[in-house]
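Below is input-v1.cif, holding mmCIF, C-alpha atoms.
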data_final
loop_
_atom_site.group_PDB
_atom_site.id
_atom_site.type_symbol
_atom_site.label_atom_id
_atom_site.label_comp_id
_atom_site.auth_asym_id
_atom_site.auth_seq_id
_atom_site.Cartn_x
_atom_site.Cartn_y
_atom_site.Cartn_z
ATOM 1 C CA MET A 1 6.290 -8.103 -11.240
ATOM 2 C CA SER A 2 4.901 -10.669 -8.869
ATOM 3 C CA ARG A 3 7.524 -12.315 -6.672
ATOM 4 C CA THR A 4 7.232 -15.569 -8.639
ATOM 5 C CA GLY A 5 7.548 -13.788 -11.993
ATOM 6 C CA GLN A 6 4.276 -15.211 -13.304
ATOM 7 C CA TYR A 7 2.639 -11.778 -13.442
ATOM 8 C CA GLN A 8 4.591 -9.001 -15.113
ATOM 9 C CA LEU A 9 3.572 -5.417 -15.868
ATOM 10 C CA THR A 10 5.215 -2.695 -17.927
ATOM 11 C CA THR A 11 4.338 0.917 -18.629
ATOM 12 C CA ASN A 12 4.856 2.793 -21.845
ATOM 13 C CA ILE A 13 5.208 6.580 -21.751
ATOM 14 C CA ASP A 14 4.726 6.767 -25.534
ATOM 15 C CA ALA A 15 1.261 5.227 -25.278
ATOM 16 C CA ALA A 16 -1.301 5.461 -22.514
ATOM 17 C CA ASN A 17 -1.327 1.813 -21.489
ATOM 18 C CA ILE A 18 0.027 -0.985 -19.342
ATOM 19 C CA THR A 19 1.160 -4.243 -20.876
ATOM 20 C CA ARG A 20 0.616 -7.375 -18.791
ATOM 21 C CA SER A 21 1.809 -10.965 -18.898
ATOM 22 C CA THR A 22 0.197 -13.695 -16.816
ATOM 23 C CA ASN A 23 2.500 -16.486 -17.989
ATOM 24 C CA TYR A 24 6.056 -15.526 -17.018
ATOM 25 C CA GLY A 25 6.469 -13.140 -19.981
ATOM 26 C CA ALA A 26 5.625 -15.615 -22.732
ATOM 27 C CA ASN A 27 2.629 -13.569 -23.965
ATOM 28 C CA TRP A 28 1.539 -9.975 -23.391
ATOM 29 C CA SER A 29 -1.784 -8.123 -23.486
ATOM 30 C CA THR A 30 -2.549 -4.411 -23.281
ATOM 31 C CA ILE A 31 -4.594 -2.590 -20.647
ATOM 32 C CA THR A 32 -5.771 0.734 -22.077
ATOM 33 C CA GLY A 33 -7.760 3.745 -20.906
ATOM 34 C CA LEU A 34 -5.640 4.656 -17.883
ATOM 35 C CA GLY A 35 -3.680 7.577 -19.267
ATOM 36 C CA ILE A 36 0.099 7.679 -19.109
ATOM 37 C CA ILE A 37 1.306 5.492 -16.224
ATOM 38 C CA SER A 38 4.749 5.969 -14.683
ATOM 39 C CA ALA A 39 4.639 3.414 -11.846
ATOM 40 C CA VAL A 40 2.851 0.103 -11.458
ATOM 41 C CA CYS A 41 2.934 -2.845 -9.053
ATOM 42 C CA CYS A 42 0.926 -6.013 -8.471
ATOM 43 C CA SER A 43 0.224 -8.708 -5.905
ATOM 44 C CA ASP A 44 1.699 -12.196 -6.258
ATOM 45 C CA ASP A 45 -1.543 -13.584 -7.676
ATOM 46 C CA GLY A 46 -1.852 -10.669 -10.137
ATOM 47 C CA GLN A 47 -5.308 -9.711 -8.871
ATOM 48 C CA TYR A 48 -4.375 -6.421 -7.191
ATOM 49 C CA ILE A 49 -2.731 -3.818 -9.398
ATOM 50 C CA THR A 50 -1.898 -0.228 -8.489
ATOM 51 C CA ALA A 51 -0.906 2.267 -11.166
ATOM 52 C CA VAL A 52 0.186 5.891 -10.855
ATOM 53 C CA GLY A 53 0.831 8.481 -13.516
ATOM 54 C CA LEU A 54 1.180 12.210 -13.739
ATOM 55 C CA GLY A 55 -1.414 14.143 -11.809
ATOM 56 C CA ASN A 56 -3.057 13.386 -8.511
ATOM 57 C CA THR A 57 -4.750 10.030 -9.026
ATOM 58 C CA ILE A 58 -3.902 6.527 -7.864
ATOM 59 C CA LYS A 59 -5.595 3.874 -10.010
ATOM 60 C CA VAL A 60 -6.389 0.507 -8.417
ATOM 61 C CA SER A 61 -7.732 -2.776 -9.738
ATOM 62 C CA ALA A 62 -8.856 -5.737 -7.635
ATOM 63 C CA ASP A 63 -9.553 -8.033 -10.589
ATOM 64 C CA GLY A 64 -6.264 -8.269 -12.468
ATOM 65 C CA GLY A 65 -6.798 -5.099 -14.485
ATOM 66 C CA LEU A 66 -10.284 -5.749 -15.844
ATOM 67 C CA THR A 67 -11.824 -2.798 -13.972
ATOM 68 C CA TRP A 68 -10.226 0.238 -12.344
ATOM 69 C CA THR A 69 -11.103 2.732 -9.615
ATOM 70 C CA ASN A 70 -9.518 6.171 -9.313
ATOM 71 C CA LYS A 71 -8.426 7.261 -5.850
ATOM 72 C CA ALA A 72 -7.648 10.912 -5.184
ATOM 73 C CA ALA A 73 -4.136 11.655 -3.978
ATOM 74 C CA LEU A 74 -2.667 14.743 -2.383
ATOM 75 C CA GLY A 75 -0.186 16.659 -4.453
ATOM 76 C CA ASN A 76 0.805 16.074 -8.032
ATOM 77 C CA PHE A 77 2.859 12.977 -8.908
ATOM 78 C CA THR A 78 5.757 13.708 -11.236
ATOM 79 C CA THR A 79 8.003 10.674 -10.694
ATOM 80 C CA PRO A 80 5.888 8.201 -8.694
ATOM 81 C CA LYS A 81 6.931 4.824 -7.301
ATOM 82 C CA ALA A 82 4.522 2.125 -6.115
ATOM 83 C CA ALA A 83 4.986 -1.080 -4.118
ATOM 84 C CA MET A 84 2.768 -3.610 -2.371
ATOM 85 C CA SER A 85 2.896 -6.660 -0.141
ATOM 86 C CA PHE A 86 2.659 -10.125 -1.720
ATOM 87 C CA ASP A 87 -1.097 -10.337 -1.098
ATOM 88 C CA GLY A 88 -1.809 -6.703 -2.078
ATOM 89 C CA LYS A 89 -3.165 -5.760 1.340
ATOM 90 C CA TYR A 90 -0.443 -3.181 2.076
ATOM 91 C CA GLN A 91 0.363 -0.668 -0.626
ATOM 92 C CA THR A 92 2.548 2.430 -0.674
ATOM 93 C CA VAL A 93 2.911 5.157 -3.290
ATOM 94 C CA ILE A 94 5.534 7.895 -3.207
ATOM 95 C CA GLY A 95 6.669 10.548 -5.622
ATOM 96 C CA SER A 96 8.201 13.933 -6.082
ATOM 97 C CA ASN A 97 5.061 15.415 -4.591
ATOM 98 C CA LYS A 98 6.627 15.112 -1.113
ATOM 99 C CA PHE A 99 3.964 12.797 0.352
ATOM 100 C CA ILE A 100 3.716 9.118 1.254
ATOM 101 C CA HIS A 101 0.352 7.503 0.472
ATOM 102 C CA ILE A 102 -0.424 4.178 2.207
ATOM 103 C CA SER A 103 -3.263 1.684 2.020
ATOM 104 C CA SER A 104 -3.858 -1.268 4.348
ATOM 105 C CA ASP A 105 -7.023 -2.563 2.669
ATOM 106 C CA TYR A 106 -5.948 -3.682 -0.804
ATOM 107 C CA GLY A 107 -6.026 -0.133 -2.202
ATOM 108 C CA ALA A 108 -9.644 0.559 -1.293
ATOM 109 C CA THR A 109 -8.762 3.561 0.880
ATOM 110 C CA TRP A 110 -5.595 5.636 1.172
ATOM 111 C CA THR A 111 -4.026 7.616 4.002
ATOM 112 C CA VAL A 112 -1.754 10.510 3.154
ATOM 113 C CA ASN A 113 1.043 11.634 5.412
ATOM 114 C CA THR A 114 1.412 15.334 4.572
ATOM 115 C CA ASN A 115 4.171 15.964 7.095
ATOM 116 C CA THR A 116 6.391 12.987 6.394
ATOM 117 C CA LEU A 117 10.122 13.481 6.788
ATOM 118 C CA ASN A 118 10.107 17.249 6.304
ATOM 119 C CA ASN A 119 8.425 17.018 2.894
ATOM 120 C CA VAL A 120 11.359 15.601 0.962
ATOM 121 C CA TYR A 121 11.267 14.359 -2.630
ATOM 122 C CA TYR A 122 11.306 10.542 -2.622
ATOM 123 C CA THR A 123 13.167 8.778 -5.444
ATOM 124 C CA CYS A 124 12.805 5.047 -4.706
ATOM 125 C CA LEU A 125 10.685 2.604 -2.710
ATOM 126 C CA ASP A 126 10.434 -1.067 -1.784
ATOM 127 C CA ILE A 127 8.297 -3.115 0.585
ATOM 128 C CA SER A 128 8.747 -6.503 2.258
ATOM 129 C CA LYS A 129 6.620 -9.496 1.308
ATOM 130 C CA ASP A 130 4.315 -9.022 4.309
ATOM 131 C CA GLY A 131 4.285 -5.210 3.973
ATOM 132 C CA LYS A 132 5.492 -4.577 7.513
ATOM 133 C CA THR A 133 8.940 -3.276 6.562
ATOM 134 C CA GLN A 134 9.175 -0.532 3.966
ATOM 135 C CA VAL A 135 12.113 1.537 2.736
ATOM 136 C CA THR A 136 12.367 4.714 0.723
ATOM 137 C CA ALA A 137 15.191 7.087 -0.063
ATOM 138 C CA VAL A 138 15.752 10.594 -1.270
ATOM 139 C CA SER A 139 18.085 11.887 -3.950
ATOM 140 C CA THR A 140 20.745 13.905 -2.113
ATOM 141 C CA GLY A 141 19.137 12.787 1.124
ATOM 142 C CA TYR A 142 18.704 9.882 3.499
ATOM 143 C CA ILE A 143 17.224 6.388 3.631
ATOM 144 C CA TYR A 144 13.977 6.095 5.595
ATOM 145 C CA VAL A 145 12.655 2.861 7.092
ATOM 146 C CA SER A 146 9.190 1.966 8.363
ATOM 147 C CA SER A 147 8.624 -1.112 10.530
ATOM 148 C CA ASP A 148 4.880 -0.597 10.950
ATOM 149 C CA TYR A 149 3.375 -0.923 7.464
ATOM 150 C CA GLY A 150 4.304 2.623 6.448
ATOM 151 C CA SER A 151 2.677 4.454 9.350
ATOM 152 C CA THR A 152 5.886 5.967 10.757
ATOM 153 C CA TRP A 153 9.316 6.422 9.222
ATOM 154 C CA ASN A 154 12.818 6.656 10.715
ATOM 155 C CA LEU A 155 15.844 8.298 9.132
ATOM 156 C CA LYS A 156 18.827 5.997 8.459
ATOM 157 C CA GLY A 157 22.098 6.154 6.591
ATOM 158 C CA ASP A 158 24.147 9.036 5.263
ATOM 159 C CA ILE A 159 23.318 11.807 2.808
ATOM 160 C CA LEU A 160 23.947 10.335 -0.649
ATOM 161 C CA ASN A 161 22.358 10.504 -4.105
ATOM 162 C CA TYR A 162 19.981 7.520 -3.795
ATOM 163 C CA GLN A 163 18.264 6.368 -6.989
ATOM 164 C CA ALA A 164 17.186 2.767 -6.264
ATOM 165 C CA ILE A 165 16.511 0.623 -3.210
ATOM 166 C CA ALA A 166 15.586 -3.037 -2.613
ATOM 167 C CA ILE A 167 14.537 -5.112 0.351
ATOM 168 C CA SER A 168 14.517 -8.897 0.820
ATOM 169 C CA GLY A 169 11.619 -10.929 2.158
#
Reformat the file's structure so that it appears as structure tokens.
Amino acid sequence: MSRTGQYQLTTNIDAANITRSTNYGANWSTITGLGIISAVCCSDDGQYITAVGLGNTIKVSADGGLTWTNKAALGNFTTPKAAMSFDGKYQTVIGSNKFIHISSDYGATWTVNTNTLNNVYYTCLDISKDGKTQVTAVSTGYIYVSSDYGSTWNLKGDILNYQAIAISG
């Protein structure tokens, strides 16, 4: 969902599609042809959308979901999470494939950190409005924080069973 709530996206594991609202949830349309999507996020203006499903592909749209480009990812996503800055410039995708994928150019290119945090299985993710601060956590693990757009990560907190995380601003 965009931060204003105007743009809303849902995934449906029973059908290979994304449903999208551009008017605060009053009406919904279907985006098809992407396969089964498990994680989706969008920019505040709804133009940039990133979608991730099973497999090793990140799908990005720069036109509100009209056209899509597949980006290769390292590993195989089983329970992905995706988040982006308000303008879509900074995007991060995590999953149970042990890697953090980041983009700093609206999803056009992706950098994969294959040695992040001892290859743990990430369970949740959030990103600040400007993309500079990012947080992720691990089930039966720690919280990790990045203050440089996802380039480096620092361990925080205690070992707990983290399932969700949120960040303000």
Please, which residues in range 47-95 of chain A fall within 6 Å of range 101-108 of chain A when counting all atoms listed in the file, and what is the closest atom pair and distance in Å to one decimal for each, ordered by chain then residue number, as CSV?
residue,atom,partner,partner_atom,distance
A:Gly88,CA,A:Tyr106,CA,5.3
A:Lys89,CA,A:Tyr106,CA,4.1
A:Tyr90,CA,A:Ser104,CA,4.5
A:Gln91,CA,A:Ser103,CA,5.1
A:Thr92,CA,A:Ile102,CA,4.5
A:Val93,CA,A:His101,CA,5.1
Expected selection from the PyMOL selection byres ((chain A and resi 49) around 8), given as number ranges by chain: A: 40-43, 46-48, 50-51, 60-62, 64-65, 88
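Minimum atom-to-atom distance to Val145 in chain A, evaluated using all atoms listed in the file, belongs to A:Leu125 out of A:Leu9, A:Leu125, A:Ile58, A:Met1.
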Separation of CA of Lys132 in chain A from CA of Ser146 in chain A in Å: 7.6 Å
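Minimum distance to Asn76 in chain A across A:Thr109, A:Asp130, A:Ile94, A:Asp63 (counting all atoms listed in the file) occurs at A:Ile94.
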Starting from the displayed file, determine the output of the PyMOL selection byres ((chain A and resi 156) around 12) and express the residue list as a list in words.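 Going through the file, the PyMOL selection byres ((chain A and resi 156) around 12) ends up selecting Leu117, Val135, Thr136, Ala137, Val138, Gly141, Tyr142, Ile143, Tyr144, Val145, Ser146, Trp153, Asn154, Leu155, Gly157, Asp158, Ile159 and Leu160 of chain A.
Against the coordinates shown, the PyMOL selection byres ((chain A and resi 28) around 12) returns A:Gln6, A:Tyr7, A:Gln8, A:Leu9, A:Thr10, A:Ile18, A:Thr19, A:Arg20, A:Ser21, A:Thr22, A:Asn23, A:Tyr24, A:Gly25, A:Ala26, A:Asn27, A:Ser29, A:Thr30, A:Ile31.
The nearest approach to Asp44 in chain A among the residues A:Leu74, A:Lys129, A:Asn17, A:Thr32, with all atoms listed in the file taken into account, belongs to A:Lys129.
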Which of these, A:Asn161, A:Thr152, A:Asn12, A:Ser38, has the shortest distance to Thr57 in chain A once you count only C-alpha atoms? A:Ser38
Quick one: pull the distance between CA of Gly95 in chain A and CA of Ile13 in chain A, Å, one decimal.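 The value is 16.7 Å.
The coordinates place CA of Ser139 in chain A at 14.4 Å from CA of Thr78 in chain A.
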For Gly131 in chain A, find every residue with an atom within 7 Å (counting only C-alpha atoms), except residues of its own chain fewer than 6 positions away, and show them as a PyMOL selection string. chain A and resi 84-85+90+149
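Comparing A:Thr4, A:Asn113, A:Ser168, A:Thr69 by their smallest distance to Ser128 in chain A, the closest is A:Ser168 (using all atoms listed in the file).
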